[in-house]
file upload.txt (compact mmCIF, C-alpha atoms)
# COMPACT_ATOMS: atom_id res chain seq x y z
CA MET A 22 81.37 122.01 76.64
CA ARG A 23 82.84 125.38 77.56
CA ARG A 24 80.41 128.26 77.35
CA LEU A 25 81.35 131.68 75.99
CA PRO A 26 82.58 134.16 78.63
CA TYR A 27 79.89 135.38 81.01
CA SER A 28 80.93 138.94 80.22
CA ARG A 29 79.56 138.49 76.73
CA HIS A 30 76.91 141.15 76.12
CA ARG A 31 73.56 140.36 77.66
CA PHE A 32 70.37 142.27 77.06
CA THR A 33 69.82 144.98 79.64
CA VAL A 34 66.15 145.15 78.76
CA VAL A 35 63.77 142.40 77.76
CA ILE A 36 63.31 142.13 74.00
CA ALA A 37 59.89 143.34 72.96
CA ALA A 38 57.31 140.66 73.57
CA ALA A 39 54.85 142.18 71.17
CA VAL A 40 55.05 144.17 67.96
CA ALA A 41 53.36 147.16 69.63
CA ILE A 42 56.05 147.37 72.32
CA ALA A 43 58.81 146.88 69.75
CA THR A 44 57.42 149.77 67.70
CA ILE A 45 57.63 152.12 70.69
CA LEU A 46 61.19 151.08 71.50
CA ILE A 47 62.31 151.52 67.90
CA ALA A 48 60.81 155.00 67.69
CA ALA A 49 62.48 156.06 70.94
CA SER A 50 65.82 154.63 69.87
CA GLN A 51 65.60 156.41 66.53
CA VAL A 52 65.07 159.79 68.22
CA SER A 53 67.98 159.14 70.61
CA ALA A 54 70.32 158.10 67.82
CA ARG A 55 69.42 161.13 65.73
CA GLY A 56 70.17 163.43 68.64
CA ALA A 57 73.52 161.80 69.34
CA GLU A 58 74.40 162.00 65.66
CA GLN A 59 73.73 165.73 65.56
CA GLN A 60 75.80 166.29 68.67
CA ALA A 61 78.69 164.16 67.44
CA THR A 62 78.31 165.54 63.85
CA ALA A 63 64.17 132.26 59.52
CA ALA A 64 63.41 134.25 56.90
CA THR A 65 61.45 132.63 54.08
CA PRO A 66 63.71 132.04 51.04
CA SER A 67 62.90 134.00 47.91
CA GLU A 68 64.60 134.82 44.63
CA PRO A 69 67.90 136.62 45.41
CA ARG A 70 69.92 139.23 43.60
CA VAL A 71 73.59 138.43 43.05
CA SER A 72 76.08 140.95 44.42
CA PRO A 73 78.45 142.32 41.75
CA PRO A 74 82.12 141.34 41.95
CA GLY A 75 84.25 143.47 44.24
CA THR A 76 86.55 143.38 47.22
CA SER A 77 83.86 142.20 49.64
CA PHE A 78 84.08 138.79 51.29
CA ALA A 79 80.51 138.32 50.00
CA ALA A 80 81.30 139.23 46.39
CA GLY A 81 79.44 137.03 43.93
CA ILE A 82 77.22 135.44 46.60
CA SER A 83 73.47 135.90 46.29
CA GLN A 84 71.82 138.17 48.86
CA HIS A 85 68.21 138.93 49.58
CA GLY A 86 67.50 141.31 52.41
CA ALA A 87 69.14 139.90 55.54
CA ALA A 88 69.98 136.55 53.93
CA LEU A 89 73.35 135.59 52.45
CA GLY A 90 73.56 132.52 50.24
CA SER A 91 71.38 130.37 48.03
CA PRO A 92 67.73 130.06 49.08
CA SER A 93 68.00 126.39 48.12
CA ALA A 94 70.84 125.70 50.59
CA PRO A 95 69.83 122.78 52.84
CA LEU A 96 70.70 124.60 56.07
CA THR A 97 70.03 128.06 57.47
CA LEU A 98 72.03 129.72 60.23
CA VAL A 99 70.47 132.75 61.91
CA GLU A 100 72.79 135.15 63.74
CA TYR A 101 71.47 137.47 66.46
CA ALA A 102 73.94 140.31 67.00
CA ASP A 103 74.43 143.93 68.03
CA LEU A 104 76.84 145.78 65.77
CA GLN A 105 78.53 147.30 68.82
CA CYS A 106 78.99 143.98 70.63
CA PRO A 107 82.75 143.22 70.61
CA TYR A 108 82.13 139.47 70.71
CA CYS A 109 79.87 139.74 67.68
CA GLY A 110 82.65 141.65 65.95
CA GLN A 111 85.18 138.99 66.84
CA TRP A 112 82.93 136.25 65.47
CA SER A 113 82.32 138.20 62.27
CA ARG A 114 86.03 138.82 61.66
CA GLU A 115 87.34 135.37 62.61
CA THR A 116 84.58 132.87 61.90
CA LEU A 117 82.13 134.29 59.37
CA PRO A 118 84.63 134.32 56.45
CA VAL A 119 85.44 130.66 57.18
CA LEU A 120 81.77 129.69 57.07
CA VAL A 121 81.24 131.69 53.89
CA ASP A 122 84.10 129.96 52.07
CA ARG A 123 83.42 126.49 53.44
CA TYR A 124 79.63 126.34 53.39
CA VAL A 125 77.93 129.38 51.85
CA ARG A 126 79.78 129.57 48.54
CA PRO A 127 79.31 125.82 47.84
CA GLY A 128 75.56 126.21 48.46
CA LYS A 129 75.41 124.19 51.69
CA LEU A 130 74.39 127.03 54.04
CA ARG A 131 72.59 130.36 54.01
CA ILE A 132 73.06 132.86 56.84
CA VAL A 133 70.46 135.35 58.05
CA PHE A 134 71.41 138.42 60.08
CA ASN A 135 68.93 139.44 62.78
CA GLY A 136 70.25 142.69 64.19
CA MET A 137 69.67 143.94 67.72
CA ALA A 138 70.24 147.50 69.04
CA PHE A 139 70.43 147.39 72.83
CA VAL A 140 73.93 148.72 73.61
CA GLY A 141 73.15 152.32 72.73
CA PRO A 142 72.70 155.01 70.05
CA ASP A 143 75.54 153.79 67.85
CA SER A 144 73.90 150.35 67.81
CA ASP A 145 70.69 151.82 66.43
CA ARG A 146 72.51 153.99 63.89
CA ALA A 147 74.56 151.01 62.67
CA LEU A 148 71.60 148.65 62.55
CA ARG A 149 69.39 151.05 60.63
CA THR A 150 72.22 151.59 58.12
CA ALA A 151 72.66 147.84 57.64
CA VAL A 152 68.93 147.23 57.25
CA ALA A 153 68.69 150.04 54.71
CA ALA A 154 71.53 148.40 52.76
CA GLY A 155 69.61 145.13 52.97
CA ARG A 156 66.76 146.73 51.06
CA HIS A 157 69.25 146.91 48.18
CA ASP A 158 70.61 143.40 48.88
CA HIS A 159 73.92 144.63 50.28
CA LEU A 160 73.42 144.22 54.03
CA TRP A 161 76.32 141.83 54.49
CA GLU A 162 78.94 144.14 53.00
CA VAL A 163 77.86 146.92 55.37
CA VAL A 164 77.66 144.63 58.42
CA HIS A 165 81.10 143.19 57.77
CA GLY A 166 82.54 146.65 57.09
CA LEU A 167 81.16 147.97 60.38
CA TYR A 168 82.63 145.06 62.32
CA GLU A 169 85.99 145.57 60.61
CA ASN A 170 85.96 149.19 61.84
CA GLN A 171 84.20 148.67 65.17
CA GLY A 172 84.98 151.38 67.72
CA ALA A 173 84.43 151.94 71.44
CA GLU A 174 80.81 151.60 72.52
CA ASN A 175 78.71 154.72 71.98
CA SER A 176 81.75 156.85 71.18
CA GLY A 177 80.13 158.16 68.01
CA TRP A 178 82.19 155.82 65.84
CA VAL A 179 79.34 155.10 63.39
CA THR A 180 79.91 158.29 61.43
CA ASP A 181 78.68 159.31 58.00
CA GLU A 182 82.31 159.32 56.89
CA LEU A 183 82.80 155.70 57.95
CA ILE A 184 79.59 154.62 56.24
CA GLY A 185 80.75 156.42 53.10
CA GLU A 186 84.07 154.56 53.13
CA ILE A 187 82.34 151.21 53.56
CA VAL A 188 79.74 151.86 50.88
CA ALA A 189 82.40 153.11 48.45
CA ARG A 190 83.63 149.50 48.22
CA VAL A 191 80.16 148.22 47.27
CA PRO A 192 79.41 148.75 43.57
CA GLY A 193 75.91 150.07 42.92
CA LEU A 194 75.22 151.31 46.47
CA ASP A 195 74.86 155.07 47.01
CA ALA A 196 76.11 156.33 50.38
CA ARG A 197 74.06 159.53 50.55
CA ALA A 198 70.83 157.75 49.63
CA LEU A 199 71.59 155.07 52.22
CA LEU A 200 72.23 157.63 54.96
CA ASP A 201 68.86 159.22 54.26
CA GLU A 202 66.94 155.96 53.87
CA ARG A 203 68.06 154.53 57.22
CA TRP A 204 65.88 157.07 59.08
CA THR A 205 62.73 156.36 57.09
CA ASP A 206 59.86 154.15 58.21
CA SER A 207 60.78 151.64 55.49
CA VAL A 208 63.42 149.99 57.67
CA ASP A 209 61.20 149.59 60.75
CA PRO A 210 59.39 146.37 59.71
CA GLU A 211 62.70 144.49 59.37
CA ILE A 212 63.88 145.71 62.79
CA ARG A 213 60.57 144.63 64.33
CA ARG A 214 60.81 141.26 62.59
CA ALA A 215 64.28 140.59 64.01
CA SER A 216 63.19 141.69 67.49
CA ALA A 217 60.16 139.40 67.40
CA ALA A 218 62.28 136.49 66.16
CA ALA A 219 64.78 137.00 69.00
CA SER A 220 61.98 137.06 71.54
CA ALA A 221 60.39 133.91 70.12
CA ALA A 222 63.75 132.10 70.07
CA GLY A 223 64.52 133.01 73.68
CA VAL A 224 67.68 134.95 72.80
CA LYS A 225 69.33 136.39 75.91
CA SER A 226 72.82 137.33 74.70
CA THR A 227 74.78 138.18 71.59
CA PRO A 228 76.00 136.64 69.49
CA SER A 229 73.39 133.87 69.52
CA PHE A 230 72.60 131.43 66.76
CA GLN A 231 69.79 129.27 65.43
CA LEU A 232 70.43 126.42 63.01
CA GLY A 233 68.16 124.11 61.08
CA PRO A 234 66.79 123.07 57.70
CA THR A 235 65.99 125.93 55.36
CA GLY A 236 62.28 126.60 55.54
CA GLY A 237 61.98 124.30 58.57
CA ARG A 238 62.28 124.47 62.34
CA LEU A 239 65.38 126.25 63.64
CA GLU A 240 66.92 125.45 67.03
CA LEU A 241 68.92 127.76 69.28
CA ILE A 242 72.41 126.25 69.49
CA SER A 243 75.31 126.67 71.90
CA VAL A 244 78.77 127.47 70.61
CA THR A 245 81.91 126.46 72.47
CA SER A 246 83.97 129.47 71.36
CA LEU A 247 83.92 132.41 68.97
CA ALA A 248 86.45 130.66 66.73
CA PRO A 249 85.33 128.53 63.75
CA ASP A 250 85.67 125.31 65.75
CA GLY A 251 83.03 126.66 68.12
CA ILE A 252 80.26 126.32 65.53
CA VAL A 253 81.58 124.14 62.69
CA PRO A 254 80.81 120.83 64.48
CA ALA A 255 77.14 121.80 64.81
CA ILE A 256 76.96 122.63 61.11
CA GLU A 257 78.67 119.39 60.15
CA ARG A 258 76.27 117.37 62.30
CA ALA A 259 73.30 119.12 60.74
CA LEU A 260 74.61 118.53 57.24
CA GLY A 261 75.15 114.88 58.08
CA THR A 262 71.47 114.46 58.80
CA ARG A 263 70.38 115.95 55.47
call {"tool": "encode", "arguments": {"input": "upload.txt", "output": "structure tokens"}}
result
Amino acid sequence: MRRLPYSRHRFTVVIAAAVAIATILIAASQVSARGAEQQATAATPSEPRVSPPGTSFAAGISQHGAALGSPSAPLTLVEYADLQCPYCGQWSRETLPVLVDRYVRPGKLRIVFNGMAFVGPDSDRALRTAVAAGRHDHLWEVVHGLYENQGAENSGWVTDELIGEIVARVPGLDARALLDERWTDSVDPEIRRASAAASAAGVKSTPSFQLGPTGGRLELISVTSLAPDGIVPAIERALGTR
């Protein structure tokens, strides 16, 4: 089995081993991201809200927080990713839409996004924006929109203007309110949760994935490529055992 390129992003610092450490890192990252912005100008299933129809690849699919898809789907796939990681962006653009059409829409799979922010200030700004959107059950539209417009690392590409353009395509989501909400303490628990989950799973690089029965034990899996055929066989095997 061929592993993904070694140059794939790897954590330059150890993910927080405890919630207290994670809290400190998040606070420091938030201050750094705010400064740069001024200078540059398995989750437990619960009842979802259905996204309104629109142009999004996720239109009409139920979302709840970081989860995309029916809470009664037999399988859950957890993605660990940094929104600045180019390999994460490639996977999102090439493979995620295939999985959504083939498995999520038919109710076979739900996908949970666990965001990391280790590349730099733009990572934190992007992640906090996505998590804030998740509080309104629209995280996946924002995540996918950011990957579609991904720029050079820490170049200041996660601008208010870009966020506004992405949010404008999501009915019912207010860009200005989202830009304000991302810097509030309300998004911190979700960021800490994702960090703790990554630490517990032994995640060392992005993108990384866990797969398993919804509500059950998830296993970290290896993918052979960033293309759909790199992960589809693992999903098919898991579905075959259900």
call {"tool": "atom_distance", "arguments": {"input": "upload.txt", "atom1": "CA of Leu232 (chain A)", "atom2": "CA of Pro95 (chain A)"}}
result
10.8 Å
call {"tool": "closest_residue", "arguments": {"input": "upload.txt", "among": "A:Asn175, A:Thr116, A:Thr245, A:Thr97", "to": "Gly233 (chain A)", "atoms": "only C-alpha atoms"}}
result
A:Thr97
call {"tool": "atom_distance", "arguments": {"input": "upload.txt", "atom1": "CA of Leu160 (chain A)", "atom2": "CA of Ile187 (chain A)"}}
result
11.3 Å
call {"tool": "atom_distance", "arguments": {"input": "upload.txt", "atom1": "CA of Val163 (chain A)", "atom2": "CA of Leu104 (chain A)"}}
result
10.5 Å
call {"tool": "residues_around", "arguments": {"input": "upload.txt", "residues": "Leu183 (chain A)", "least_positions_apart": "6", "cutoff": "10 Å", "atoms": "all atoms listed in the file", "output": "list in words"}}
result
Gly166, Leu167, Asn170 and Ala189 of chain A
call {"tool": "closest_residue", "arguments": {"input": "upload.txt", "among": "A:Leu260, A:Val179, A:Val224, A:Val244", "to": "Ser144 (chain A)", "atoms": "only C-alpha atoms"}}
result
A:Val179
call {"tool": "closest_residue", "arguments": {"input": "upload.txt", "among": "A:Gly251, A:Leu239, A:Asp103, A:Ala217", "to": "Glu174 (chain A)", "atoms": "only C-alpha atoms"}}
result
A:Asp103
call {"tool": "residues_around", "arguments": {"input": "upload.txt", "residues": "region 133-142 of chain A", "least_positions_apart": "3", "cutoff": "6 Å", "atoms": "all atoms listed in the file", "output": "ChimeraX atom specification"}}
result
/A:54,87-88,99-103,145,215
call {"tool": "closest_residue", "arguments": {"input": "upload.txt", "among": "A:Cys106, A:Leu98, A:Ile212, A:Val191", "to": "Ile132 (chain A)", "atoms": "only C-alpha atoms"}}
result
A:Leu98
call {"tool": "closest_residue", "arguments": {"input": "upload.txt", "among": "A:Gly236, A:Trp161, A:Ala221, A:Ile252", "to": "Leu148 (chain A)", "atoms": "only C-alpha atoms"}}
result
A:Trp161
call {"tool": "closest_residue", "arguments": {"input": "upload.txt", "among": "A:Leu199, A:Ala248, A:Val164, A:Ala79", "to": "Val125 (chain A)", "atoms": "all atoms listed in the file"}}
result
A:Ala79
call {"tool": "residues_around", "arguments": {"input": "upload.txt", "residues": "Leu120 (chain A)", "least_positions_apart": "4", "cutoff": "9 Å", "atoms": "all atoms listed in the file", "output": "number ranges by chain"}}
result
A: 116, 124-126, 130, 249, 253
call {"tool": "axis_aligned_box", "arguments": {"input": "upload.txt", "around": "region 209-227 of chain A", "padding_each_side": "6 Å", "output": "AutoDock Vina command-line options"}}
result
--center_x 67.1 --center_y 140.8 --center_z 67.6 --size_x 27.4 --size_y 29.5 --size_z 28.5
